[in-house]
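Participant: Structure supplied as my_file.pdb; contents: PDB, C-alpha atoms, pLDDT in the B column.
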```pdb
ATOM      1  CA  MET A   1     -28.148   3.231  10.632  1.00 53.00           C
ATOM      2  CA  PRO A   2     -30.265   0.049  11.048  1.00 50.00           C
ATOM      3  CA  LEU A   3     -28.521  -3.058  12.317  1.00 49.00           C
ATOM      4  CA  ASP A   4     -30.067  -5.395   9.712  1.00 50.00           C
ATOM      5  CA  VAL A   5     -27.980  -4.142   6.801  1.00 57.00           C
ATOM      6  CA  ASP A   6     -24.864  -5.445   5.108  1.00 82.00           C
ATOM      7  CA  GLN A   7     -22.083  -5.484   7.694  1.00 85.00           C
ATOM      8  CA  THR A   8     -19.283  -4.728   5.232  1.00 87.00           C
ATOM      9  CA  GLN A   9     -21.140  -1.715   3.862  1.00 90.00           C
ATOM     10  CA  ARG A  10     -21.894  -0.339   7.311  1.00 90.00           C
ATOM     11  CA  ARG A  11     -18.293  -0.757   8.428  1.00 94.00           C
ATOM     12  CA  GLN A  12     -17.233   1.147   5.309  1.00 94.00           C
ATOM     13  CA  ASP A  13     -19.775   3.877   6.045  1.00 95.00           C
ATOM     14  CA  VAL A  14     -18.287   4.328   9.516  1.00 97.00           C
ATOM     15  CA  ALA A  15     -14.743   4.306   8.140  1.00 97.00           C
ATOM     16  CA  ARG A  16     -15.631   6.875   5.473  1.00 96.00           C
ATOM     17  CA  ALA A  17     -17.215   9.137   8.090  1.00 97.00           C
ATOM     18  CA  ALA A  18     -14.227   8.725  10.387  1.00 97.00           C
ATOM     19  CA  ALA A  19     -11.821   9.586   7.554  1.00 96.00           C
ATOM     20  CA  ALA A  20     -13.796  12.754   6.835  1.00 96.00           C
ATOM     21  CA  LEU A  21     -13.725  13.725  10.517  1.00 97.00           C
ATOM     22  CA  ILE A  22      -9.953  13.209  10.713  1.00 96.00           C
ATOM     23  CA  ALA A  23      -9.331  15.169   7.511  1.00 94.00           C
ATOM     24  CA  GLU A  24     -11.397  18.066   8.850  1.00 95.00           C
ATOM     25  CA  ARG A  25     -10.638  18.092  12.589  1.00 95.00           C
ATOM     26  CA  GLY A  26      -7.896  15.591  13.405  1.00 94.00           C
ATOM     27  CA  MET A  27      -7.775  12.205  15.102  1.00 94.00           C
ATOM     28  CA  SER A  28      -9.399  13.396  18.321  1.00 94.00           C
ATOM     29  CA  ALA A  29     -12.616  14.012  16.374  1.00 96.00           C
ATOM     30  CA  VAL A  30     -13.133  10.268  15.995  1.00 96.00           C
ATOM     31  CA  THR A  31     -15.546   9.486  18.820  1.00 97.00           C
ATOM     32  CA  PHE A  32     -18.646   7.315  18.860  1.00 97.00           C
ATOM     33  CA  ARG A  33     -20.722  10.417  19.503  1.00 97.00           C
ATOM     34  CA  ASN A  34     -19.287  12.372  16.565  1.00 97.00           C
ATOM     35  CA  LEU A  35     -19.612   9.406  14.235  1.00 97.00           C
ATOM     36  CA  ALA A  36     -23.208   8.855  15.271  1.00 96.00           C
ATOM     37  CA  ALA A  37     -23.966  12.510  14.565  1.00 96.00           C
ATOM     38  CA  ALA A  38     -22.268  12.338  11.169  1.00 96.00           C
ATOM     39  CA  LEU A  39     -24.150   9.180  10.197  1.00 95.00           C
ATOM     40  CA  GLY A  40     -27.484  10.123  11.738  1.00 95.00           C
ATOM     41  CA  CYS A  41     -27.645   7.083  13.977  1.00 93.00           C
ATOM     42  CA  SER A  42     -27.173   6.058  17.609  1.00 94.00           C
ATOM     43  CA  THR A  43     -23.816   5.235  19.154  1.00 94.00           C
ATOM     44  CA  THR A  44     -25.191   1.725  19.715  1.00 94.00           C
ATOM     45  CA  ALA A  45     -25.509   1.268  15.961  1.00 92.00           C
ATOM     46  CA  ILE A  46     -21.778   1.931  15.662  1.00 95.00           C
ATOM     47  CA  SER A  47     -20.685  -0.146  18.654  1.00 94.00           C
ATOM     48  CA  HIS A  48     -22.599  -3.057  17.093  1.00 92.00           C
ATOM     49  CA  TYR A  49     -19.818  -3.173  14.465  1.00 93.00           C
ATOM     50  CA  PHE A  50     -16.877  -1.742  16.408  1.00 96.00           C
ATOM     51  CA  PRO A  51     -16.078  -2.702  20.018  1.00 95.00           C
ATOM     52  CA  ASN A  52     -13.720   0.246  20.607  1.00 95.00           C
ATOM     53  CA  ARG A  53     -12.095   3.313  19.085  1.00 93.00           C
ATOM     54  CA  THR A  54      -8.936   1.462  17.987  1.00 91.00           C
ATOM     55  CA  SER A  55     -11.014  -0.906  15.863  1.00 94.00           C
ATOM     56  CA  ILE A  56     -12.580   2.117  14.152  1.00 95.00           C
ATOM     57  CA  LEU A  57      -9.166   3.653  13.503  1.00 93.00           C
ATOM     58  CA  LEU A  58      -7.855   0.419  12.000  1.00 92.00           C
ATOM     59  CA  GLU A  59     -10.881   0.116   9.730  1.00 95.00           C
ATOM     60  CA  THR A  60     -10.515   3.766   8.716  1.00 96.00           C
ATOM     61  CA  TYR A  61      -6.837   3.324   7.915  1.00 93.00           C
ATOM     62  CA  ARG A  62      -7.593   0.267   5.790  1.00 93.00           C
ATOM     63  CA  PHE A  63     -10.437   2.076   4.038  1.00 95.00           C
ATOM     64  CA  VAL A  64      -8.232   5.030   3.116  1.00 94.00           C
ATOM     65  CA  LEU A  65      -5.440   2.709   2.028  1.00 91.00           C
ATOM     66  CA  ALA A  66      -7.783   0.720  -0.234  1.00 92.00           C
ATOM     67  CA  ARG A  67      -9.041   3.975  -1.743  1.00 92.00           C
ATOM     68  CA  ALA A  68      -5.480   5.086  -2.456  1.00 90.00           C
ATOM     69  CA  VAL A  69      -4.449   1.727  -3.927  1.00 87.00           C
ATOM     70  CA  SER A  70      -7.473   1.770  -6.229  1.00 89.00           C
ATOM     71  CA  ARG A  71      -6.687   5.314  -7.348  1.00 87.00           C
ATOM     72  CA  ARG A  72      -3.094   4.557  -8.317  1.00 84.00           C
ATOM     73  CA  ALA A  73      -3.767   1.193  -9.984  1.00 83.00           C
ATOM     74  CA  VAL A  74      -2.012   0.828 -13.334  1.00 81.00           C
ATOM     75  CA  PRO A  75      -4.174  -0.678 -16.097  1.00 79.00           C
ATOM     76  CA  PRO A  76      -2.872  -3.782 -17.896  1.00 80.00           C
ATOM     77  CA  GLY A  77      -0.760  -2.870 -20.896  1.00 80.00           C
ATOM     78  CA  ALA A  78      -0.020   0.636 -19.593  1.00 79.00           C
ATOM     79  CA  ASP A  79       2.858   2.422 -21.286  1.00 82.00           C
ATOM     80  CA  PRO A  80       5.900   3.672 -19.302  1.00 78.00           C
ATOM     81  CA  GLY A  81       4.465   7.154 -18.963  1.00 79.00           C
ATOM     82  CA  GLU A  82       1.256   5.845 -17.396  1.00 83.00           C
ATOM     83  CA  LYS A  83       3.224   3.677 -14.992  1.00 81.00           C
ATOM     84  CA  LEU A  84       5.321   6.616 -13.845  1.00 82.00           C
ATOM     85  CA  ALA A  85       2.245   8.831 -13.550  1.00 84.00           C
ATOM     86  CA  SER A  86       0.756   6.306 -11.128  1.00 86.00           C
ATOM     87  CA  LEU A  87       3.377   7.387  -8.592  1.00 87.00           C
ATOM     88  CA  ASP A  88       2.079  10.958  -8.767  1.00 89.00           C
ATOM     89  CA  LYS A  89      -1.245   9.676  -7.451  1.00 89.00           C
ATOM     90  CA  ILE A  90       0.431   8.832  -4.150  1.00 91.00           C
ATOM     91  CA  LEU A  91       1.362  12.494  -3.641  1.00 94.00           C
ATOM     92  CA  PRO A  92      -1.049  14.944  -1.933  1.00 94.00           C
ATOM     93  CA  ILE A  93      -1.806  16.803  -5.159  1.00 93.00           C
ATOM     94  CA  ALA A  94      -5.615  16.610  -5.274  1.00 91.00           C
ATOM     95  CA  ALA A  95      -8.362  16.966  -2.670  1.00 91.00           C
ATOM     96  CA  GLU A  96      -8.947  13.256  -2.002  1.00 91.00           C
ATOM     97  CA  GLN A  97      -5.211  12.546  -1.937  1.00 93.00           C
ATOM     98  CA  TRP A  98      -4.718  15.433   0.466  1.00 93.00           C
ATOM     99  CA  ASP A  99      -7.412  14.064   2.768  1.00 93.00           C
ATOM    100  CA  ASP A 100      -5.782  10.628   2.672  1.00 93.00           C
ATOM    101  CA  TRP A 101      -2.446  12.099   3.692  1.00 94.00           C
ATOM    102  CA  VAL A 102      -4.013  14.008   6.587  1.00 93.00           C
ATOM    103  CA  VAL A 103      -5.473  10.708   7.806  1.00 93.00           C
ATOM    104  CA  TRP A 104      -2.124   8.938   7.410  1.00 93.00           C
ATOM    105  CA  LEU A 105      -0.149  11.665   9.177  1.00 93.00           C
ATOM    106  CA  CYS A 106      -2.588  11.650  12.087  1.00 94.00           C
ATOM    107  CA  PHE A 107      -2.538   7.870  12.126  1.00 91.00           C
ATOM    108  CA  TRP A 108       1.271   7.766  12.293  1.00 91.00           C
ATOM    109  CA  THR A 109       1.267   9.918  15.416  1.00 90.00           C
ATOM    110  CA  GLU A 110      -1.273   7.662  17.092  1.00 88.00           C
ATOM    111  CA  ALA A 111       0.627   4.561  15.939  1.00 90.00           C
ATOM    112  CA  LEU A 112       3.737   5.671  17.834  1.00 92.00           C
ATOM    113  CA  PHE A 113       1.923   4.746  21.046  1.00 92.00           C
ATOM    114  CA  ASP A 114      -0.284   1.860  19.902  1.00 90.00           C
ATOM    115  CA  PRO A 115       1.296  -1.486  18.888  1.00 91.00           C
ATOM    116  CA  ASP A 116      -1.715  -2.558  16.806  1.00 87.00           C
ATOM    117  CA  LEU A 117      -1.696   0.645  14.778  1.00 87.00           C
ATOM    118  CA  ALA A 118       2.105   0.543  14.489  1.00 92.00           C
ATOM    119  CA  SER A 119       1.942  -2.990  13.095  1.00 92.00           C
ATOM    120  CA  GLU A 120      -0.600  -1.883  10.499  1.00 89.00           C
ATOM    121  CA  GLN A 121       1.583   1.037   9.437  1.00 90.00           C
ATOM    122  CA  LYS A 122       4.676  -1.171   9.139  1.00 92.00           C
ATOM    123  CA  LEU A 123       2.765  -3.609   6.942  1.00 92.00           C
ATOM    124  CA  HIS A 124       1.403  -0.826   4.734  1.00 90.00           C
ATOM    125  CA  SER A 125       4.826   0.766   4.239  1.00 91.00           C
ATOM    126  CA  ARG A 126       6.342  -2.561   3.268  1.00 93.00           C
ATOM    127  CA  GLU A 127       3.548  -3.332   0.793  1.00 91.00           C
ATOM    128  CA  THR A 128       3.779   0.115  -0.799  1.00 90.00           C
ATOM    129  CA  ARG A 129       7.541  -0.152  -1.205  1.00 93.00           C
ATOM    130  CA  GLU A 130       7.182  -3.619  -2.754  1.00 94.00           C
ATOM    131  CA  THR A 131       4.537  -2.318  -5.168  1.00 90.00           C
ATOM    132  CA  ILE A 132       6.852   0.495  -6.265  1.00 91.00           C
ATOM    133  CA  GLU A 133       9.741  -1.967  -6.592  1.00 93.00           C
ATOM    134  CA  ALA A 134       7.685  -4.263  -8.819  1.00 90.00           C
ATOM    135  CA  MET A 135       6.621  -1.335 -10.999  1.00 87.00           C
ATOM    136  CA  LEU A 136      10.242  -0.184 -11.381  1.00 89.00           C
ATOM    137  CA  ARG A 137      11.237  -3.673 -12.490  1.00 89.00           C
ATOM    138  CA  THR A 138       8.621  -3.539 -15.257  1.00 85.00           C
ATOM    139  CA  LEU A 139      10.303  -0.324 -16.373  1.00 84.00           C
ATOM    140  CA  GLY A 140      13.616  -2.105 -16.839  1.00 83.00           C
ATOM    141  CA  CYS A 141      15.365  -1.661 -13.497  1.00 87.00           C
ATOM    142  CA  GLY A 142      17.364  -4.633 -12.232  1.00 89.00           C
ATOM    143  CA  ALA A 143      16.298  -6.359  -9.025  1.00 91.00           C
ATOM    144  CA  GLU A 144      18.831  -4.685  -6.727  1.00 92.00           C
ATOM    145  CA  GLU A 145      18.458  -1.299  -8.401  1.00 90.00           C
ATOM    146  CA  ALA A 146      14.667  -1.480  -8.160  1.00 92.00           C
ATOM    147  CA  ARG A 147      14.846  -2.389  -4.468  1.00 93.00           C
ATOM    148  CA  ASP A 148      17.188   0.512  -3.666  1.00 92.00           C
ATOM    149  CA  LEU A 149      15.270   3.000  -5.810  1.00 92.00           C
ATOM    150  CA  SER A 150      11.910   1.980  -4.359  1.00 94.00           C
ATOM    151  CA  GLN A 151      13.162   2.929  -0.892  1.00 94.00           C
ATOM    152  CA  LYS A 152      14.405   6.292  -2.177  1.00 94.00           C
ATOM    153  CA  VAL A 153      11.054   6.902  -3.864  1.00 93.00           C
ATOM    154  CA  MET A 154       9.190   6.068  -0.640  1.00 94.00           C
ATOM    155  CA  THR A 155      11.427   8.377   1.375  1.00 95.00           C
ATOM    156  CA  THR A 156      10.939  11.150  -1.173  1.00 95.00           C
ATOM    157  CA  ILE A 157       7.161  10.766  -1.253  1.00 95.00           C
ATOM    158  CA  TYR A 158       6.915  10.793   2.547  1.00 94.00           C
ATOM    159  CA  GLY A 159       9.178  13.836   2.744  1.00 96.00           C
ATOM    160  CA  ILE A 160       7.194  15.727   0.117  1.00 96.00           C
ATOM    161  CA  ALA A 161       3.914  14.947   1.859  1.00 95.00           C
ATOM    162  CA  VAL A 162       5.136  16.111   5.271  1.00 95.00           C
ATOM    163  CA  GLN A 163       6.491  19.358   3.856  1.00 95.00           C
ATOM    164  CA  ALA A 164       3.337  19.941   1.816  1.00 94.00           C
ATOM    165  CA  ALA A 165       1.246  19.461   4.954  1.00 91.00           C
ATOM    166  CA  PHE A 166       2.790  22.602   6.424  1.00 91.00           C
ATOM    167  CA  ASP A 167       3.504  24.632   3.293  1.00 95.00           C
ATOM    168  CA  ARG A 168       0.917  23.919   0.617  1.00 91.00           C
ATOM    169  CA  GLU A 169       1.540  27.289  -0.995  1.00 94.00           C
ATOM    170  CA  HIS A 170       5.086  26.298  -1.945  1.00 96.00           C
ATOM    171  CA  TRP A 171       4.515  22.563  -2.465  1.00 96.00           C
ATOM    172  CA  THR A 172       2.158  22.896  -5.420  1.00 96.00           C
ATOM    173  CA  PRO A 173       1.356  19.802  -7.512  1.00 95.00           C
ATOM    174  CA  GLU A 174       3.979  20.895 -10.045  1.00 95.00           C
ATOM    175  CA  VAL A 175       6.685  21.277  -7.379  1.00 97.00           C
ATOM    176  CA  GLN A 176       5.774  17.896  -5.882  1.00 96.00           C
ATOM    177  CA  ARG A 177       5.969  16.135  -9.233  1.00 93.00           C
ATOM    178  CA  ARG A 178       9.288  17.784 -10.059  1.00 93.00           C
ATOM    179  CA  ALA A 179      10.816  16.755  -6.728  1.00 95.00           C
ATOM    180  CA  LEU A 180       9.785  13.153  -7.314  1.00 93.00           C
ATOM    181  CA  ARG A 181      11.105  13.157 -10.891  1.00 90.00           C
ATOM    182  CA  GLU A 182      14.494  14.427  -9.680  1.00 90.00           C
ATOM    183  CA  VAL A 183      14.870  11.189  -7.750  1.00 89.00           C
ATOM    184  CA  LEU A 184      13.464   8.944 -10.473  1.00 86.00           C
ATOM    185  CA  GLU A 185      14.995  10.227 -13.689  1.00 80.00           C
ATOM    186  CA  PRO A 186      18.694   9.578 -13.004  1.00 79.00           C
ATOM    187  CA  ALA A 187      17.915   5.954 -12.137  1.00 75.00           C
ATOM    188  CA  LEU A 188      15.582   5.119 -15.010  1.00 75.00           C
ATOM    189  CA  PRO A 189      17.446   2.704 -17.270  1.00 64.00           C
ATOM    190  CA  LEU A 190      16.185   3.816 -20.676  1.00 54.00           C
ATOM    191  CA  ALA A 191      16.179   7.210 -22.343  1.00 40.00           C
ATOM    192  CA  ASP A 192      12.573   6.790 -23.495  1.00 48.00           C
ATOM    193  CA  LEU A 193      11.526   6.218 -19.876  1.00 51.00           C
ATOM    194  CA  ARG A 194      13.221   9.432 -18.857  1.00 46.00           C
ATOM    195  CA  ARG A 195      11.320  11.245 -21.579  1.00 48.00           C
ATOM    196  CA  ALA A 196       8.090   9.598 -20.447  1.00 50.00           C
ATOM    197  CA  SER A 197       8.562  11.008 -16.968  1.00 50.00           C
ATOM    198  CA  GLY A 198       8.785  14.581 -18.191  1.00 50.00           C
TER     199      GLY A 198
END
```
How does this structure look as structure tokens?
Facilitator:
Amino acid sequence: MPLDVDQTQRRQDVARAAAALIAERGMSAVTFRNLAAALGCSTTAISHYFPNRTSILLETYRFVLARAVSRRAVPPGADPGEKLASLDKILPIAAEQWDDWVVWLCFWTEALFDPDLASEQKLHSRETRETIEAMLRTLGCGAEEARDLSQKVMTTIYGIAVQAAFDREHWTPEVQRRALREVLEPALPLADLRRASG
């Protein structure tokens, strides 16, 4: 990994490699040596961009988050069904989503003991809840209802993901979607939205 290349791209390359290591072997796999081996470069080439392991973890977390946000983006003019389906893309129902959740779960454990990582997680949770709240308002929920429901949706998604992490055989994509819909449907304000979620 030469040093005279685009810094943003190289930082992303390291973050992508770190995310793959975490998804395969856990957080402890993120070392300068392992990253250098994965990228076919020297550890010096990595330390040129990252002064320490925490900076790599933060970049990896942000990389995975950006990937997830891009995946669940709702196109302009989307119908209610498409908007609701965007929530499914947060769940660990496909390979890339599963890998993202492994990274997040590992990150949360590390964040319990690291203020910088904890601050990043708090910010991410708040932004995700606000995104869900805004989407619910476009579906006809009132401001207070959308705020309350967005928290329930977040809690449900986190709970599903944790359970799926330890029992993927039971928590199939269909079971995950159904569990999320059971929280959403009673609160959706219009009958056509309830049908769209089916």
Participant: Taking the file as I've supplied it (selection: the PyMOL selection byres ((chain A and resi 65) around 12)), which residues are included? Please answer as an mmCIF file with C-alpha atoms, keeping the file's coordinate frame.
Facilitator:
```cif
data_model
loop_
_atom_site.group_PDB
_atom_site.id
_atom_site.type_symbol
_atom_site.label_atom_id
_atom_site.label_comp_id
_atom_site.auth_asym_id
_atom_site.auth_seq_id
_atom_site.Cartn_x
_atom_site.Cartn_y
_atom_site.Cartn_z
ATOM 1 C CA ALA A 15 -14.743 4.306 8.140
ATOM 2 C CA ARG A 16 -15.631 6.875 5.473
ATOM 3 C CA ALA A 19 -11.821 9.586 7.554
ATOM 4 C CA LEU A 58 -7.855 0.419 12.000
ATOM 5 C CA GLU A 59 -10.881 0.116 9.730
ATOM 6 C CA THR A 60 -10.515 3.766 8.716
ATOM 7 C CA TYR A 61 -6.837 3.324 7.915
ATOM 8 C CA ARG A 62 -7.593 0.267 5.790
ATOM 9 C CA PHE A 63 -10.437 2.076 4.038
ATOM 10 C CA VAL A 64 -8.232 5.030 3.116
ATOM 11 C CA ALA A 66 -7.783 0.720 -0.234
ATOM 12 C CA ARG A 67 -9.041 3.975 -1.743
ATOM 13 C CA ALA A 68 -5.480 5.086 -2.456
ATOM 14 C CA VAL A 69 -4.449 1.727 -3.927
ATOM 15 C CA SER A 70 -7.473 1.770 -6.229
ATOM 16 C CA ARG A 71 -6.687 5.314 -7.348
ATOM 17 C CA ARG A 72 -3.094 4.557 -8.317
ATOM 18 C CA ILE A 90 0.431 8.832 -4.150
ATOM 19 C CA GLU A 96 -8.947 13.256 -2.002
ATOM 20 C CA GLN A 97 -5.211 12.546 -1.937
ATOM 21 C CA ASP A 99 -7.412 14.064 2.768
ATOM 22 C CA ASP A 100 -5.782 10.628 2.672
ATOM 23 C CA TRP A 101 -2.446 12.099 3.692
ATOM 24 C CA VAL A 103 -5.473 10.708 7.806
ATOM 25 C CA TRP A 104 -2.124 8.938 7.410
ATOM 26 C CA PHE A 107 -2.538 7.870 12.126
ATOM 27 C CA GLU A 120 -0.600 -1.883 10.499
ATOM 28 C CA GLN A 121 1.583 1.037 9.437
ATOM 29 C CA LEU A 123 2.765 -3.609 6.942
ATOM 30 C CA HIS A 124 1.403 -0.826 4.734
ATOM 31 C CA SER A 125 4.826 0.766 4.239
ATOM 32 C CA GLU A 127 3.548 -3.332 0.793
ATOM 33 C CA THR A 128 3.779 0.115 -0.799
#
```
Participant: Name the residues that the PyMOL selection byres ((chain A and resi 53) around 12) pulls out of this structure, and write them as a short mmCIF file (atom, residue, chain, number, x, y, z; two decimals) with C-alpha atoms, in the coordinates of the input.
Facilitator:
```
data_model
loop_
_atom_site.label_atom_id
_atom_site.label_comp_id
_atom_site.auth_asym_id
_atom_site.auth_seq_id
_atom_site.Cartn_x
_atom_site.Cartn_y
_atom_site.Cartn_z
CA VAL A 14 -18.29 4.33 9.52
CA ALA A 15 -14.74 4.31 8.14
CA ALA A 18 -14.23 8.72 10.39
CA MET A 27 -7.78 12.20 15.10
CA SER A 28 -9.40 13.40 18.32
CA ALA A 29 -12.62 14.01 16.37
CA VAL A 30 -13.13 10.27 16.00
CA THR A 31 -15.55 9.49 18.82
CA PHE A 32 -18.65 7.32 18.86
CA ARG A 33 -20.72 10.42 19.50
CA ASN A 34 -19.29 12.37 16.57
CA LEU A 35 -19.61 9.41 14.24
CA THR A 43 -23.82 5.24 19.15
CA ILE A 46 -21.78 1.93 15.66
CA SER A 47 -20.68 -0.15 18.65
CA TYR A 49 -19.82 -3.17 14.46
CA PHE A 50 -16.88 -1.74 16.41
CA PRO A 51 -16.08 -2.70 20.02
CA ASN A 52 -13.72 0.25 20.61
CA THR A 54 -8.94 1.46 17.99
CA SER A 55 -11.01 -0.91 15.86
CA ILE A 56 -12.58 2.12 14.15
CA LEU A 57 -9.17 3.65 13.50
CA LEU A 58 -7.86 0.42 12.00
CA GLU A 59 -10.88 0.12 9.73
CA THR A 60 -10.52 3.77 8.72
CA GLU A 110 -1.27 7.66 17.09
CA ASP A 114 -0.28 1.86 19.90
CA LEU A 117 -1.70 0.64 14.78
#
```
Participant: Could you list, as a ChimeraX atom specification, every residue within 9 Å of Ala85 (chain A), counting all atoms listed in the file and ignoring same-chain residues fewer than 4 positions away?
Facilitator: /A:72,80-81,89,197
Participant: Looking at A:Ala164, A:Leu21, A:Cys41, A:Met154, which one is nearest to Leu180 (chain A), with distances taken over all atoms listed in the file?
Facilitator: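 Using all atoms listed in the file, the shortest distance to Leu180 (chain A) belongs to A:Met154.
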Participant: Mind telling me what the PyMOL selection byres ((chain A and resi 150) around 8) catches here, as number ranges by chain?
Facilitator: A: 129-130, 132-133, 136, 146-149, 151-154
Participant: Nearest residue to Leu84 (chain A) out of A:Ile160, A:Ala143, A:Met135, A:Ala111, using all atoms listed in the file?
Facilitator: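 Among A:Ile160, A:Ala143, A:Met135, A:Ala111, it is A:Met135 that comes nearest to Leu84 (chain A).
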